[in-house]
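Source file: entry.csv; contents: CSV, C-alpha atoms.
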chain,number,residue,atom,x,y,z
V,1,MET,CA,100.0,-113.3,2.7
V,2,LEU,CA,97.4,-115.8,3.8
V,3,LYS,CA,93.9,-114.6,3.7
V,4,ARG,CA,91.9,-114.5,7.0
V,5,ILE,CA,89.5,-117.4,7.4
V,6,ASN,CA,85.8,-116.4,7.0
V,7,TRP,CA,84.4,-118.2,10.0
V,8,LYS,CA,80.9,-116.6,9.3
V,9,ALA,CA,80.6,-118.3,5.9
V,10,ILE,CA,81.8,-121.6,7.4
V,11,PHE,CA,79.2,-121.5,10.2
V,12,LYS,CA,76.5,-120.6,7.7
V,13,GLY,CA,77.4,-123.5,5.4
V,14,PHE,CA,77.5,-125.9,8.4
V,15,ALA,CA,74.0,-124.7,9.5
V,16,TRP,CA,72.6,-125.3,6.0
V,17,ILE,CA,74.1,-128.8,5.9
V,18,THR,CA,72.7,-129.6,9.3
V,19,CYS,CA,69.2,-128.4,8.3
V,20,LEU,CA,69.3,-130.5,5.1
V,21,ALA,CA,70.4,-133.5,7.1
V,22,GLY,CA,67.5,-132.9,9.5
V,23,VAL,CA,65.0,-132.7,6.7
V,24,VAL,CA,66.3,-135.9,5.1
V,25,VAL,CA,66.0,-137.7,8.5
V,26,LEU,CA,62.5,-136.3,9.0
V,27,MET,CA,61.3,-137.4,5.6
V,28,GLY,CA,62.7,-140.8,6.2
V,29,PHE,CA,60.9,-140.9,9.6
V,30,ILE,CA,57.7,-139.9,7.8
V,31,ASP,CA,58.1,-142.5,5.2
V,32,ASN,CA,58.6,-145.2,7.8
V,33,LYS,CA,55.6,-143.9,9.8
V,34,LYS,CA,53.4,-144.0,6.6
V,35,GLN,CA,54.3,-147.6,6.1
V,36,SER,CA,52.9,-148.4,9.5
V,37,VAL,CA,50.0,-145.9,9.8
V,38,LYS,CA,46.7,-147.0,8.3
V,39,CYS,CA,43.8,-144.8,7.2
V,40,ALA,CA,41.3,-144.6,10.1
V,41,LYS,CA,38.7,-142.2,8.8
V,42,ILE,CA,38.0,-139.7,6.0
V,43,GLU,CA,37.0,-136.0,6.7
V,44,ILE,CA,35.3,-134.2,3.8
V,45,LEU,CA,34.9,-130.5,4.3
V,46,ILE,CA,32.6,-128.5,1.9
V,47,PRO,CA,32.2,-124.9,3.2
V,48,GLY,CA,29.5,-122.5,2.0
V,49,ALA,CA,25.7,-122.5,1.8
V,50,ASP,CA,25.5,-123.7,-1.8
V,51,ASN,CA,25.1,-127.5,-2.1
V,52,PHE,CA,25.9,-128.3,-5.7
V,53,ILE,CA,27.7,-131.4,-4.6
V,54,GLU,CA,27.1,-133.5,-1.5
V,55,ILE,CA,29.5,-135.3,0.8
V,56,GLU,CA,28.1,-138.7,-0.5
V,57,GLU,CA,29.1,-137.7,-4.0
V,58,ILE,CA,32.6,-137.0,-2.9
V,59,ASP,CA,32.7,-140.3,-1.1
V,60,ALA,CA,31.5,-142.1,-4.2
V,61,ILE,CA,34.3,-140.4,-6.3
V,62,LEU,CA,36.9,-141.6,-3.8
V,63,LYS,CA,35.7,-145.2,-3.9
V,64,GLN,CA,35.4,-145.2,-7.6
V,65,ASN,CA,38.9,-143.9,-8.0
V,66,GLN,CA,40.8,-145.5,-5.2
V,67,GLY,CA,38.5,-148.1,-3.7
V,68,ASP,CA,37.8,-148.3,0.0
V,69,LEU,CA,40.5,-146.2,1.8
V,70,ILE,CA,39.8,-147.1,5.4
V,71,GLY,CA,42.2,-149.8,6.7
V,72,ARG,CA,44.8,-149.2,4.0
V,73,ASN,CA,48.3,-147.9,4.6
V,74,LEU,CA,48.8,-144.2,3.9
V,75,GLU,CA,51.8,-145.0,1.8
V,76,GLY,CA,49.6,-146.9,-0.7
V,77,ILE,CA,47.0,-144.1,-1.1
V,78,ASN,CA,47.7,-141.7,-4.0
V,79,LEU,CA,46.5,-138.4,-2.7
V,80,HIS,CA,47.4,-136.5,-6.0
V,81,GLU,CA,45.2,-138.9,-8.0
V,82,ILE,CA,42.3,-138.3,-5.6
V,83,GLU,CA,42.7,-134.5,-6.1
V,84,LYS,CA,42.6,-134.9,-9.8
V,85,SER,CA,39.5,-137.1,-9.8
V,86,ILE,CA,37.6,-134.7,-7.5
V,87,ALA,CA,38.7,-131.6,-9.4
V,88,ALA,CA,37.2,-133.0,-12.6
V,89,ASN,CA,33.7,-132.4,-11.2
V,90,PRO,CA,32.2,-129.3,-12.9
V,91,TYR,CA,30.8,-127.9,-9.6
V,92,ILE,CA,34.2,-127.9,-7.8
V,93,GLY,CA,36.6,-125.0,-8.2
V,94,PHE,CA,39.4,-126.1,-5.8
V,95,VAL,CA,40.2,-129.3,-3.9
V,96,LYS,CA,43.0,-130.2,-1.4
V,97,VAL,CA,43.7,-133.7,-0.1
V,98,TYR,CA,46.1,-134.4,2.7
V,99,ALA,CA,46.7,-136.9,5.6
V,100,ASP,CA,48.0,-136.7,9.1
V,101,MET,CA,50.0,-139.1,11.2
V,102,ASN,CA,46.9,-140.2,13.1
V,103,GLY,CA,45.5,-141.9,10.0
V,104,THR,CA,42.9,-139.3,9.0
V,105,VAL,CA,42.6,-138.3,5.3
V,106,PHE,CA,41.2,-134.7,4.8
V,107,VAL,CA,39.4,-133.6,1.7
V,108,GLU,CA,38.8,-129.9,1.5
V,109,VAL,CA,36.5,-128.9,-1.4
V,110,LYS,CA,35.6,-125.3,-2.6
V,111,GLN,CA,32.5,-125.1,-4.8
V,112,ARG,CA,32.1,-122.8,-7.8
V,113,GLN,CA,30.0,-119.7,-7.0
V,114,PRO,CA,27.5,-118.8,-9.8
V,115,VAL,CA,26.6,-115.2,-10.4
V,116,LEU,CA,24.4,-115.5,-13.5
V,117,ARG,CA,22.1,-118.0,-15.1
V,118,ILE,CA,21.7,-117.9,-18.9
V,119,LEU,CA,18.9,-119.2,-21.0
V,120,ASN,CA,20.2,-118.8,-24.6
V,121,ALA,CA,18.3,-118.5,-27.8
V,122,GLY,CA,18.7,-122.2,-28.5
V,123,GLY,CA,17.1,-123.3,-25.2
V,124,GLN,CA,20.3,-124.2,-23.3
V,125,ASP,CA,20.4,-123.5,-19.6
V,126,TYR,CA,23.6,-123.0,-17.7
V,127,TYR,CA,25.4,-120.9,-15.0
V,128,VAL,CA,28.3,-118.5,-15.2
V,129,ASP,CA,30.5,-118.6,-12.0
V,130,SER,CA,32.4,-115.7,-10.3
V,131,ASP,CA,35.5,-116.5,-12.4
V,132,GLY,CA,33.5,-116.1,-15.7
V,133,LEU,CA,33.4,-119.8,-16.5
V,134,LYS,CA,30.3,-121.7,-17.7
V,135,MET,CA,29.1,-124.5,-15.5
V,136,PRO,CA,26.0,-126.9,-15.8
V,137,ILE,CA,22.7,-126.7,-13.9
V,138,SER,CA,22.6,-128.9,-10.9
V,139,PRO,CA,19.7,-131.3,-10.1
V,140,ASN,CA,20.4,-130.9,-6.4
V,141,PHE,CA,20.5,-127.2,-6.0
V,142,THR,CA,19.2,-124.0,-7.6
V,143,ALA,CA,21.2,-120.8,-7.0
V,144,ASN,CA,19.4,-117.5,-6.4
V,145,VAL,CA,21.2,-115.4,-9.1
V,146,LEU,CA,20.2,-113.1,-11.9
V,147,VAL,CA,18.6,-114.7,-15.0
V,148,ALA,CA,19.5,-113.6,-18.5
V,149,THR,CA,17.3,-114.4,-21.5
V,150,GLY,CA,16.6,-113.2,-25.0
V,151,ASN,CA,18.8,-113.1,-28.1
V,152,ILE,CA,21.8,-114.8,-26.5
V,153,LEU,CA,24.0,-116.8,-28.9
V,154,GLU,CA,26.5,-118.1,-26.3
V,155,GLY,CA,26.4,-121.9,-26.5
V,156,PHE,CA,27.3,-124.6,-23.9
V,157,ASN,CA,28.8,-128.0,-24.4
V,158,GLY,CA,28.2,-129.3,-20.9
V,159,ARG,CA,31.7,-128.8,-19.7
V,160,VAL,CA,33.4,-126.0,-17.8
V,161,ASP,CA,34.5,-123.4,-20.4
V,162,THR,CA,35.2,-119.7,-20.9
V,163,LEU,CA,32.8,-117.2,-22.4
V,164,MET,CA,33.3,-116.6,-26.1
V,165,THR,CA,30.9,-113.9,-27.3
V,166,SER,CA,31.0,-110.2,-26.3
V,167,THR,CA,27.3,-110.2,-25.3
V,168,ALA,CA,27.9,-113.0,-22.7
V,169,LYS,CA,31.0,-111.2,-21.3
V,170,ASP,CA,29.0,-108.0,-20.9
V,171,LEU,CA,26.2,-110.0,-19.1
V,172,TYR,CA,28.8,-111.5,-16.8
V,173,ARG,CA,30.3,-108.1,-16.0
V,174,THR,CA,26.9,-106.6,-15.4
V,175,ALA,CA,25.9,-109.5,-13.1
V,176,VAL,CA,29.1,-109.1,-11.0
V,177,PHE,CA,28.5,-105.4,-10.6
V,178,ILE,CA,24.9,-105.8,-9.6
V,179,LYS,CA,25.7,-108.6,-7.1
V,180,LYS,CA,28.3,-106.4,-5.3
V,181,ASP,CA,25.8,-103.5,-4.8
V,182,THR,CA,23.0,-104.3,-2.3
V,183,LEU,CA,20.6,-101.7,-3.8
V,184,TRP,CA,20.9,-103.0,-7.4
V,185,ASP,CA,20.9,-106.6,-6.2
V,186,ALA,CA,17.5,-106.0,-4.6
V,187,GLN,CA,16.1,-103.9,-7.5
V,188,ILE,CA,17.3,-105.8,-10.6
V,189,GLU,CA,15.8,-109.2,-11.0
V,190,GLN,CA,16.4,-110.1,-14.7
V,191,LEU,CA,18.6,-109.3,-17.7
V,192,TYR,CA,17.3,-109.4,-21.3
V,193,ILE,CA,19.1,-109.1,-24.7
V,194,ASN,CA,16.9,-107.3,-27.2
V,195,ASP,CA,17.0,-107.5,-31.0
V,196,LYS,CA,19.7,-104.7,-31.1
V,197,ALA,CA,21.9,-106.8,-28.8
V,198,ASP,CA,21.5,-104.3,-26.0
V,199,ILE,CA,21.2,-105.4,-22.4
V,200,GLU,CA,17.9,-104.5,-20.8
V,201,MET,CA,17.4,-104.7,-17.0
V,202,VAL,CA,14.0,-105.7,-15.6
V,203,PRO,CA,13.4,-104.0,-12.2
V,204,ARG,CA,11.4,-105.3,-9.3
V,205,VAL,CA,9.9,-101.9,-8.5
V,206,GLY,CA,8.7,-99.9,-11.5
V,207,ASN,CA,7.1,-100.9,-14.8
V,208,GLN,CA,9.7,-99.7,-17.3
V,209,ARG,CA,12.5,-101.1,-19.4
V,210,ILE,CA,16.0,-100.0,-18.3
V,211,ILE,CA,18.2,-100.1,-21.4
V,212,LEU,CA,21.9,-100.5,-20.3
V,213,GLY,CA,23.4,-101.2,-23.8
V,214,ASN,CA,26.7,-102.9,-22.9
V,215,ALA,CA,28.8,-103.1,-19.7
V,216,LYS,CA,31.1,-100.3,-20.7
V,217,ASN,CA,31.2,-97.5,-18.1
V,218,ILE,CA,28.6,-99.4,-16.0
V,219,GLU,CA,29.5,-97.6,-12.8
V,220,THR,CA,28.7,-94.2,-14.4
V,221,LYS,CA,25.5,-95.5,-16.0
V,222,MET,CA,24.2,-96.9,-12.7
V,223,SER,CA,25.1,-93.8,-10.7
V,224,ASN,CA,23.1,-91.7,-13.3
V,225,LEU,CA,20.2,-94.1,-12.9
V,226,LEU,CA,20.4,-93.7,-9.1
V,227,ALA,CA,20.4,-89.9,-9.4
V,228,PHE,CA,17.4,-90.2,-11.8
V,229,TYR,CA,15.6,-92.4,-9.2
V,230,LYS,CA,16.2,-89.8,-6.4
V,231,GLN,CA,15.2,-86.7,-8.4
V,232,ALA,CA,12.6,-87.7,-11.0
V,233,MET,CA,10.7,-90.7,-9.7
V,234,PRO,CA,9.3,-89.0,-6.5
V,235,LYS,CA,7.8,-86.2,-8.7
V,236,VAL,CA,6.3,-88.1,-11.7
V,237,GLY,CA,5.8,-91.6,-10.2
V,238,TRP,CA,7.2,-95.1,-10.9
V,239,ASN,CA,4.9,-95.8,-13.9
V,240,ALA,CA,5.3,-92.5,-15.8
V,241,TYR,CA,8.0,-93.7,-18.1
V,242,ARG,CA,7.9,-96.6,-20.6
V,243,SER,CA,11.7,-96.9,-20.9
V,244,ILE,CA,14.9,-95.4,-19.4
V,245,ASN,CA,17.9,-95.4,-21.7
V,246,LEU,CA,21.3,-95.3,-20.2
V,247,LYS,CA,23.3,-96.1,-23.3
V,248,TYR,CA,24.5,-92.5,-24.0
V,249,THR,CA,27.3,-90.8,-22.1
V,250,ASN,CA,26.3,-88.6,-19.1
V,251,GLN,CA,22.7,-88.4,-20.1
V,252,ILE,CA,19.4,-90.4,-19.7
V,253,VAL,CA,16.8,-90.6,-22.5
V,254,CYS,CA,13.3,-91.5,-21.3
V,255,GLU,CA,10.2,-92.4,-23.2
V,256,LYS,CA,7.0,-91.2,-21.4
V,257,ARG,CA,3.7,-92.9,-21.2
V,258,ASP,CA,0.3,-91.4,-21.9
V,259,SER,CA,-1.8,-90.4,-18.9
V,260,LEU,CA,-4.5,-92.9,-19.9
V,261,ALA,CA,-1.9,-95.6,-20.1
V,262,ILE,CA,-0.6,-94.7,-16.7
V,263,LYS,CA,-4.1,-95.0,-15.2
V,264,LYS,CA,-4.7,-98.4,-16.8
V,265,ILE,CA,-1.5,-99.8,-15.3
V,266,GLU,CA,-2.4,-101.6,-12.1
V,267,LYS,CA,-0.6,-100.9,-8.9
V,268,PRO,CA,2.5,-103.1,-9.0
V,269,VAL,CA,2.5,-106.0,-6.6
V,270,LEU,CA,5.6,-106.0,-4.5
V,271,PRO,CA,7.5,-109.2,-4.6
V,272,ASP,CA,8.5,-111.1,-1.5
V,273,SER,CA,12.0,-109.7,-1.5
V,274,VAL,CA,10.9,-106.1,-1.5
V,275,SER,CA,8.2,-106.7,1.2
V,276,MET,CA,10.8,-108.5,3.3
V,277,GLN,CA,13.1,-105.5,2.9
V,278,ARG,CA,10.3,-103.1,4.0
V,279,GLN,CA,9.6,-105.3,7.0
V,280,ALA,CA,13.3,-105.2,7.9
V,281,VAL,CA,13.2,-101.4,7.6
V,282,ASP,CA,10.0,-101.3,9.8
V,283,GLN,CA,11.7,-103.4,12.4
V,284,GLN,CA,14.7,-101.1,12.4
V,285,VAL,CA,12.5,-98.1,12.9
V,286,GLN,CA,10.6,-99.8,15.7
V,287,SER,CA,13.8,-100.8,17.4
V,288,ALA,CA,15.1,-97.2,17.1
V,289,ILE,CA,11.8,-95.9,18.6
V,290,GLN,CA,12.1,-98.4,21.4
V,291,ASP,CA,15.7,-97.2,22.1
V,292,GLU,CA,14.5,-93.6,22.3
V,293,ILE,CA,11.7,-94.7,24.7
V,294,ARG,CA,14.3,-96.5,26.9
V,295,LYS,CA,16.5,-93.4,26.9
V,296,ALA,CA,13.6,-91.2,27.9
V,297,THR,CA,12.6,-93.5,30.7
V,298,GLN,CA,16.2,-93.7,31.9
V,299,ALA,CA,16.5,-89.9,31.9
V,300,ALA,CA,13.2,-89.6,33.9
V,301,ALA,CA,14.5,-92.2,36.4
V,302,ASP,CA,17.8,-90.2,36.7
V,303,GLU,CA,15.8,-87.0,37.3
V,304,THR,CA,13.7,-88.6,40.0
V,305,ASN,CA,16.9,-90.0,41.7
V,306,LYS,CA,18.4,-86.5,41.6
V,307,THR,CA,15.4,-84.9,43.2
V,308,GLU,CA,15.3,-87.6,45.9
V,309,LYS,CA,18.9,-86.9,46.7
V,310,LYS,CA,18.2,-83.2,46.9
V,311,GLU,CA,15.3,-83.8,49.3
V,312,LYS,CA,17.4,-86.0,51.5
V,313,THR,CA,20.1,-83.3,51.7
V,314,SER,CA,17.5,-80.6,52.5
V,315,ALA,CA,15.7,-82.7,55.1
V,316,PRO,CA,18.0,-81.7,58.1
V,317,ALA,CA,17.6,-78.0,57.3
V,318,LYS,CA,13.8,-78.5,57.3
V,319,THR,CA,13.9,-80.3,60.6
V,320,GLU,CA,16.0,-77.5,62.1
V,321,ASN,CA,13.4,-75.0,60.9
V,322,THR,CA,10.6,-77.1,62.4
V,323,THR,CA,12.4,-77.3,65.7
V,324,ASP,CA,12.8,-73.5,65.7
V,325,LYS,CA,9.1,-73.1,65.0
V,326,ASN,CA,8.2,-75.5,67.8
V,327,LYS,CA,10.4,-73.5,70.2
V,328,ALA,CA,8.8,-70.2,69.1
V,329,SER,CA,5.3,-71.7,69.5
V,330,LYS,CA,6.2,-73.0,72.9
V,331,ASN,CA,7.5,-69.5,74.0
V,332,LYS,CA,4.3,-67.9,72.7
V,333,GLU,CA,2.2,-70.4,74.7
V,334,GLY,CA,4.2,-69.6,77.8
V,335,VAL,CA,3.7,-65.9,77.4
V,336,LYS,CA,-0.1,-66.5,77.0
V,337,GLU,CA,-0.2,-68.6,80.1
V,338,THR,CA,1.5,-65.9,82.2
V,339,VAL,CA,-0.8,-63.2,80.8
V,340,LYS,CA,-3.8,-65.4,81.8
V,341,LYS,CA,-2.4,-65.9,85.3
V,342,GLU,CA,-1.9,-62.1,85.8
V,343,LYS,CA,-5.5,-61.4,84.6
V,344,GLU,CA,-6.8,-64.0,87.0
V,345,LYS,CA,-4.9,-62.4,89.9
V,346,GLU,CA,-6.3,-59.0,88.9
V,347,THR,CA,-9.9,-60.3,88.8
V,348,LYS,CA,-9.4,-61.9,92.3
V,349,THR,CA,-8.1,-58.7,93.8
V,350,ARG,CA,-11.0,-56.7,92.3
V,351,GLU,CA,-13.4,-59.3,93.8
V,352,GLN,CA,-11.8,-59.0,97.1
V,353,LYS,CA,-11.9,-55.2,97.1
V,354,THR,CA,-15.6,-55.2,96.2
V,355,GLU,CA,-16.4,-57.6,99.0
V,356,MET,CA,-14.5,-55.4,101.5
V,357,LEU,CA,-16.5,-52.4,100.3
V,358,SER,CA,-19.8,-54.2,100.6
V,359,GLN,CA,-18.9,-55.3,104.1
V,360,LYS,CA,-18.0,-51.8,105.2
V,361,GLN,CA,-21.3,-50.4,103.7
V,362,THR,CA,-23.3,-53.0,105.7
V,363,ALA,CA,-21.4,-52.2,108.9
V,364,THR,CA,-22.1,-48.4,108.6
V,365,LYS,CA,-25.8,-49.0,108.0
V,366,GLU,CA,-26.1,-51.1,111.1
V,367,LYS,CA,-24.4,-48.4,113.2
V,368,ARG,CA,-26.9,-45.8,112.0
V,369,ASN,CA,-29.8,-47.9,112.9
Serialized structure, structure tokens:
Amino acid sequence: MLKRINWKAIFKGFAWITCLAGVVVLMGFIDNKKQSVKCAKIEILIPGADNFIEIEEIDAILKQNQGDLIGRNLEGINLHEIEKSIAANPYIGFVKVYADMNGTVFVEVKQRQPVLRILNAGGQDYYVDSDGLKMPISPNFTANVLVATGNILEGFNGRVDTLMTSTAKDLYRTAVFIKKDTLWDAQIEQLYINDKADIEMVPRVGNQRIILGNAKNIETKMSNLLAFYKQAMPKVGWNAYRSINLKYTNQIVCEKRDSLAIKKIEKPVLPDSVSMQRQAVDQQVQSAIQDEIRKATQAAADETNKTEKKEKTSAPAKTENTTDKNKASKNKEGVKETVKKEKEKETKTREQKTEMLSQKQTATKEKRN
């Protein structure tokens, strides 16, 4: 028996063949377009606030590697070679070069992000980026990162390279942890390697050595330090201890100063970063107070509006009461007037009677005479 024809598979194969043919035609169209399109301009994009490399330097690399690109056909420009030449710069972590059909060549550059600056025992000075790679110091820009000094034996040959010693790796892990936390990023300003190869942290607030040891269990160590700051420091003061040792598991070992030594220590001068933070906190408090004042004034205004509405609604009742009072007063006045009139009538009648009696008396007297 003949098998039934699988029309679904046939249509699927035909669709794939059509798509491939369309891609081939499109690529041919693009190649023909490239032959006729010339480079009109170059767009160099360097995102970020760090300026280890400038746009002029990228333009110089382009001219040195490919010559002047403007006016040349896009087909004759080797974009891959441009990417390789720019990526060779030690301050660049990633680069992408592409062109559109309008003749614009785009160069997108991502710079390396340093997290630590190391001054080793031999006097060499270099950065360590977020990927744990060494990179040179730039004459154009100085990054605001942690500085590590002391007994550091990690060398630098001037090229991008990985970290070799365990001490340098621990410094890198410590710097990454501190940079991620806003509190420790503001509090810790320097790292130091002592003679025992332990990491010591130099704080901005407080006059003591914080001995970290290595970067193992750094989350637990720093959480213990935070608890110690919250519980002990408010009671004894920031200058009571000479050193705070976090090396041991789940415990903190402190070396206390003498009382005379504490008195001799001058009041620490707050650096600009801490004063700026305090100013920011003060501004937040002031804004919160202003918000409360606005809410209170708004509530008072609402109360006044409510009372005014109530007075308006009660106004007709009051007018009715006043009209009733006016009517009652008018009635009282009418009664008083009637009483007055009656009294006047009575007085008139009495006067008339007295006159009549007096007349009668005079008449009788005359008759007798």
### Query
Using all atoms listed in the file, which residue out of V:Ile152, V:Ile244, V:Leu163, V:Leu69 lies closest to Asp131 in chain V?
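Once distances to Asp131 in chain V are computed over all atoms listed in the file, the minimum belongs to V:Leu163.
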### Query
What is the distance between CA of Asn207 in chain V and CA of Ile252 in chain V, in Å to one decimal?
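Taking CA of Asn207 in chain V and CA of Ile252 in chain V, their separation equals 16.9 Å.
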### Closest of V:Asn250, V:Arg209, V:Val37, V:Ser85 to Ala227 in chain V - atom-to-atom distances counting only C-alpha atoms
V:Asn250
## Note on the structure
Between V:Pro47, V:Gly155, V:Gly71, V:Pro139, smallest distance to Phe94 in chain V by only C-alpha atoms belongs to V:Pro47
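In this comparison, which uses all atoms listed in the file, the residue of V:Thr174, V:Leu191, V:Phe52, V:Asn89 approaching Asn120 in chain V most closely is V:Leu191.
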### Task
In Å, rounded to a single decimal, give me how far CA of Lys180 in chain V is from CA of Ile118 in chain V.
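Atom-to-atom, CA of Ile118 in chain V to CA of Lys180 in chain V, that is 19.0 Å.
Between CA of Gln190 in chain V and CA of Arg204 in chain V the interatomic distance comes to 8.8 Å.
Distances to Val145 in chain V were evaluated for V:Pro114, V:Gly122, V:Gly206, V:Gly132 using all atoms listed in the file, and the minimum falls at V:Pro114.
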### Query
Near Tyr127 in chain V, within 12 Å and counting all atoms listed in the file, which residues show up once chain neighbours fewer than 2 positions away are dropped, as a ChimeraX atom specification?
/V:52,90-91,112-120,124-125,129-138,142-148,154-156,158-163,168,171-172,175
### Proximity to Val107 in chain V - best of V:Ile42, V:Ile61, V:Ala87, V:Val128, only C-alpha atoms
V:Ile42
### Message
Could you list, as a ChimeraX atom specification, every residue within 9 Å of Pro203 in chain V, counting only C-alpha atoms and ignoring same-chain residues fewer than 4 positions away?
### Response
/V:184,186-190,207-210
